[in-house]
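Okay, so here's the structure we're looking at.
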Amino acid sequence: MRRPRDKRSWDEYELVSNLRSKERFIQDMESFGDVRVALIYPNSYEVGSASLSTHVLLKKFNEVGSVRAERFFYSRGFSKYYSFDSLTPLDEFRIWSFSVHYELDLLNVFDILNRFSIPLKKEERNSFHPVVVVGGAMTYFSNAVLAEVGDVVHKGDLSEEFLDCLSSVDHRMSREEIVATLTTKRVEPAFSNSLGESVFISSNSVFGDRYLIEIGRGCYRKCKFCVAGHRFGRPRFRGLKDTTELMDSVSPITKRFGLVAATVTDYPNIEEVAEHCIEKGYELSVSSLRLDSLSNTLLKALRLSKQSSFTIAPEGGSQRMRDAFAKGISERDILKALELGRENGFRRVKM
Ligand code: SF4
């Protein structure tokens with residue numbers, strides 16, 4: 001591994017090293033495979049470390065015995081890009097796997113490729129360039145640009161099929177052989193029933209040092225504008241026992257939990273989980289609340305978790321707008337939600 005040789009590189013090295021030193025790993029992620037995969041989240045460390053995709057990919061890729069996967073995050077100030085796991089520079093990795101979740105993150109993918117003089121179009125790359133793999137939520141709904149950039153595009157959830165292909169990659173393979181090995185015949189996005197959870201916690205993540213648990217994926221409501229309702233597959237949920245046991249097993253390390261789902265309030269066992277948190281004294285936060293499904297128990301659990309506000313999403317300022325994109329929320333629902341929040345001691349709400 002090359003060490004930094006100039007001040008700018010040392011600064012970058014120290015910044016990454018500092019962020020890394022503040023992480024606490026819940027599961028051992030060490031791997032000694034010789035197929036080196038860079039897992040690149042094309043946004044800041046704060047955002048990327050709060051994305052469960054980073055956690056799931058790190059865990060699943062490293063479970064493939066021959067693979068050694070390490071994390072990278074985007075910063076406009078980075079030039080060498082040191083791994084957040086071993087501080088190895090990015091250009092020592094053979095496979096660069098980008099997890100793209102938002103259209104604007106694509107600009108950061110381009111910036112990283114440009115910095116290393118890697119052509120943005122896959123057909124202009126040669127055998128000296130890394131294999132660029134693209135996956136992430138954007139593959140559910142917008143593939144035209146990704147198909148031009150990625151030597152391999154994996155659509156949808158991380159699939160067993162892709163992991164099988166990855167296990168067949170040998171570090172002595174040529175670039176062309178790796179691309180052929182990783183290219184599956186799948187046309188439609190993969191939908192996995194396996195839900196994610198944190199493998200590390202970091203106080204520098206946008207969610208702070210909360211342990212994140214994905215309790216559901218997909219949404220049955222199908223608001224007209226929403227990708228989650230239309231492209232993430234049928235809704236699937238984590239079992240109640242699985243959720244509460246996971247919380248209890250992690251509680252010696254942290255008692256702060258974040259529940260992640262397209263709509264947390266559609267989780268069939270949200271009341272029981274909120275009660276479990278109240279009973280055990282766990283702090284709870286949630287990614288999103290459907291305002292017509294709020295309950296006293298959930299709001300009480302949030303209030304006891306020192307949350308000073310809660311977030312609801314009316315989405316449109318007028319009933320005509322909300323009806324036009326089938327939000328299914330009335331003005332009465334909004335006022336009722338605000339009233340319930342007030343009764344539970346909240347004085348602030350985010351919309
Ligand atoms: S309820 Fe929320 S997650 Fe579900 S379809 Fe509507 S906007 Fe999307």
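So you can find residues: chains in the structure tokens are A, B, ... in the order shown, residues in each start at 1, and ligands are numbered from 1 in order.
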For Phe84 (chain A), find every residue with an atom within 7 Å (counting only C-alpha atoms), except residues of its own chain fewer than 2 positions away, and show them as a VMD selection string. chain A and resid 16 20 70 to 72 82 86 to 87
Against ligand 1, which residues of chain A fall within 8 Å? For each one I want the closest pair of atoms and the distance in Å (one decimal), counting only C-alpha atoms and all ligand atoms, rows by chain and increasing residue number, as JSON lines.
{"residue": "A:Gly218", "atom": "CA", "partner": "ligand 1", "partner_atom_place_in_ligand_line": "3 (S)", "distance": 7.3}
{"residue": "A:Cys219", "atom": "CA", "partner": "ligand 1", "partner_atom_place_in_ligand_line": "4 (Fe)", "distance": 4.6}
{"residue": "A:Tyr220", "atom": "CA", "partner": "ligand 1", "partner_atom_place_in_ligand_line": "4 (Fe)", "distance": 6.4}
{"residue": "A:Arg221", "atom": "CA", "partner": "ligand 1", "partner_atom_place_in_ligand_line": "5 (S)", "distance": 4.7}
{"residue": "A:Lys222", "atom": "CA", "partner": "ligand 1", "partner_atom_place_in_ligand_line": "5 (S)", "distance": 4.0}
{"residue": "A:Cys223", "atom": "CA", "partner": "ligand 1", "partner_atom_place_in_ligand_line": "6 (Fe)", "distance": 4.2}
{"residue": "A:Lys224", "atom": "CA", "partner": "ligand 1", "partner_atom_place_in_ligand_line": "5 (S)", "distance": 7.3}
{"residue": "A:Phe225", "atom": "CA", "partner": "ligand 1", "partner_atom_place_in_ligand_line": "7 (S)", "distance": 7.3}
{"residue": "A:Cys226", "atom": "CA", "partner": "ligand 1", "partner_atom_place_in_ligand_line": "8 (Fe)", "distance": 4.6}
{"residue": "A:Val227", "atom": "CA", "partner": "ligand 1", "partner_atom_place_in_ligand_line": "8 (Fe)", "distance": 6.6}
{"residue": "A:Ala228", "atom": "CA", "partner": "ligand 1", "partner_atom_place_in_ligand_line": "8 (Fe)", "distance": 5.1}
{"residue": "A:Gly229", "atom": "CA", "partner": "ligand 1", "partner_atom_place_in_ligand_line": "5 (S)", "distance": 3.8}
{"residue": "A:His230", "atom": "CA", "partner": "ligand 1", "partner_atom_place_in_ligand_line": "5 (S)", "distance": 7.2}
{"residue": "A:Ala262", "atom": "CA", "partner": "ligand 1", "partner_atom_place_in_ligand_line": "3 (S)", "distance": 4.5}
{"residue": "A:Thr263", "atom": "CA", "partner": "ligand 1", "partner_atom_place_in_ligand_line": "3 (S)", "distance": 5.3}
{"residue": "A:Arg290", "atom": "CA", "partner": "ligand 1", "partner_atom_place_in_ligand_line": "1 (S)", "distance": 6.5}
{"residue": "A:Ala313", "atom": "CA", "partner": "ligand 1", "partner_atom_place_in_ligand_line": "7 (S)", "distance": 7.9}
{"residue": "A:Lys327", "atom": "CA", "partner": "ligand 1", "partner_atom_place_in_ligand_line": "6 (Fe)", "distance": 6.1}
Considering only strand (DSSP E or B) as DSSP defines it on the backbone, what residues of region 113-255 of chain A qualify? List them as a list in words. Val131, Val132, Val133, Val134, Gly135, Gly136, Val152, Val153, Gly156, Ala190, Glu197, Phe200, Ile201, Ser202, Tyr211, Leu212, Ile213, Glu214, Gly216, Arg217, Arg236 and Phe237 of chain A
Going by DSSP on the backbone, which bits of region 120-167 of chain A are helix (DSSP H, G or I)? Write them as a ChimeraX atom specification, please. /A:122-124,137-140,144-149,160-167
Region 113-135 of chain A near region 94-107 of chain A within 7 Å: what's each residue's closest atom pair and its distance in Å to one decimal, counting only C-alpha atoms, ordered by chain then ascending residue number, as a Markdown table?
| residue | atom | partner | partner_atom | distance |
| --- | --- | --- | --- | --- |
| A:Pro130 | CA | A:Arg94 | CA | 5.0 |
| A:Val131 | CA | A:Ile95 | CA | 4.8 |
| A:Val132 | CA | A:Trp96 | CA | 5.0 |
| A:Val133 | CA | A:Ser97 | CA | 4.5 |
| A:Val134 | CA | A:Phe98 | CA | 4.9 |
| A:Gly135 | CA | A:Ser99 | CA | 5.0 |
Next, the residues of the selection above should be written as a JSON list (two decimals), in the first residue's frame with N, CA, C and O atoms.
[["chain", "number", "residue", "atom", "x", "y", "z"],
["A", 130, "PRO", "N", -9.99, 0.08, -14.12],
["A", 130, "PRO", "CA", -10.74, -0.83, -13.24],
["A", 130, "PRO", "C", -12.07, -1.22, -13.86],
["A", 130, "PRO", "O", -12.55, -0.55, -14.79],
["A", 131, "VAL", "N", -12.64, -2.28, -13.34],
["A", 131, "VAL", "CA", -14.00, -2.67, -13.76],
["A", 131, "VAL", "C", -14.98, -1.82, -12.97],
["A", 131, "VAL", "O", -14.95, -1.80, -11.74],
["A", 132, "VAL", "N", -15.82, -1.09, -13.69],
["A", 132, "VAL", "CA", -16.80, -0.21, -13.03],
["A", 132, "VAL", "C", -18.14, -0.93, -12.93],
["A", 132, "VAL", "O", -18.76, -1.24, -13.96],
["A", 133, "VAL", "N", -18.55, -1.22, -11.71],
["A", 133, "VAL", "CA", -19.84, -1.87, -11.47],
["A", 133, "VAL", "C", -20.78, -0.80, -10.92],
["A", 133, "VAL", "O", -20.37, 0.00, -10.07],
["A", 134, "VAL", "N", -22.01, -0.77, -11.41],
["A", 134, "VAL", "CA", -22.98, 0.21, -10.90],
["A", 134, "VAL", "C", -24.21, -0.52, -10.38],
["A", 134, "VAL", "O", -24.74, -1.42, -11.03],
["A", 135, "GLY", "N", -24.64, -0.15, -9.18],
["A", 135, "GLY", "CA", -25.87, -0.69, -8.61],
["A", 135, "GLY", "C", -26.52, 0.40, -7.79],
["A", 135, "GLY", "O", -26.16, 1.57, -7.89]]
Considering only C-alpha atoms, state which residue in the set A:Leu302, A:Leu146, A:Val349, A:Leu294 is at the smallest distance from Gly258 (chain A).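 The shortest atom-to-atom distance to Gly258 (chain A) comes from A:Leu302.
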Determine, using only C-alpha atoms, which residues of region 117-216 of chain A have any atom at most 12 Å from an atom of region 273-284 of chain A, and tabulate each with its shortest atom pair and distance in Å to one decimal place, rows ordered by chain and then rising number, as a tab-separated table.
residue	atom	partner	partner_atom	distance
A:Phe207	CA	A:Leu284	CA	11.4
A:Asp209	CA	A:Glu283	CA	11.2
A:Arg210	CA	A:Leu284	CA	8.8
A:Tyr211	CA	A:Leu284	CA	9.7
A:Leu212	CA	A:Leu284	CA	10.0
A:Ile213	CA	A:Leu284	CA	10.8
A:Ile215	CA	A:Val273	CA	10.4
Show me, as a list of chain:residue names, the residues that have an atom within 9 Å of Pro314 (chain A) when counting only C-alpha atoms, minus same-chain residues fewer than 3 positions from it.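 Selected residues are A:Arg290, A:Leu291, A:Gly317, A:Arg322, A:Lys327, A:Ile329, A:Ser330, A:Glu331, A:Ile334, A:Met351.
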Create the file for the chosen residues now, containing N, CA, C and O atoms and written as a compact mmCIF listing (two decimals), in the first residue's frame.
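As a result, out-v2.txt now contains:
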# COMPACT_ATOMS: atom_id res chain seq x y z
N ARG A 290 -46.29 8.17 7.97
CA ARG A 290 -47.49 8.45 7.18
C ARG A 290 -48.46 9.14 8.13
O ARG A 290 -48.82 8.59 9.17
N LEU A 291 -48.88 10.37 7.82
CA LEU A 291 -49.57 11.15 8.85
C LEU A 291 -50.96 10.64 9.19
O LEU A 291 -51.50 10.96 10.24
N GLY A 317 -49.50 21.26 -1.18
CA GLY A 317 -50.06 22.33 -0.38
C GLY A 317 -51.57 22.46 -0.51
O GLY A 317 -52.21 23.11 0.31
N ARG A 322 -52.82 17.08 -3.82
CA ARG A 322 -52.69 15.76 -3.17
C ARG A 322 -53.55 14.73 -3.88
O ARG A 322 -53.13 13.59 -4.05
N LYS A 327 -52.18 10.93 -3.24
CA LYS A 327 -51.51 10.82 -1.95
C LYS A 327 -52.44 10.19 -0.90
O LYS A 327 -51.97 9.56 0.05
N ILE A 329 -54.35 11.70 1.29
CA ILE A 329 -54.30 12.42 2.57
C ILE A 329 -55.25 13.62 2.46
O ILE A 329 -55.17 14.37 1.48
N SER A 330 -56.11 13.79 3.46
CA SER A 330 -57.01 14.95 3.42
C SER A 330 -56.52 16.02 4.41
O SER A 330 -55.67 15.74 5.27
N GLU A 331 -57.08 17.20 4.28
CA GLU A 331 -56.70 18.28 5.20
C GLU A 331 -57.04 17.89 6.64
O GLU A 331 -56.31 18.17 7.57
N ILE A 334 -54.33 15.88 8.11
CA ILE A 334 -53.17 16.70 8.51
C ILE A 334 -53.44 17.34 9.86
O ILE A 334 -52.61 17.27 10.78
N MET A 351 -42.43 19.29 7.70
CA MET A 351 -43.23 18.76 6.60
C MET A 351 -42.39 18.75 5.35
O MET A 351 -41.71 19.71 5.05
Pairwise distance, CA of Asp164 (chain A) with CA of Glu124 (chain A), equals 27.8 Å
Using only C-alpha atoms, which of A:Lys59, A:Arg68, A:Arg175, A:Lys350 sits nearest Arg125 (chain A)?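 For Arg125 (chain A), the nearest of the given residues is A:Arg175.
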So how many Å separate CA of Ser21 (chain A) and CA of Val260 (chain A), to one decimal?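 That distance, rounded to one decimal, is 25.6 Å.
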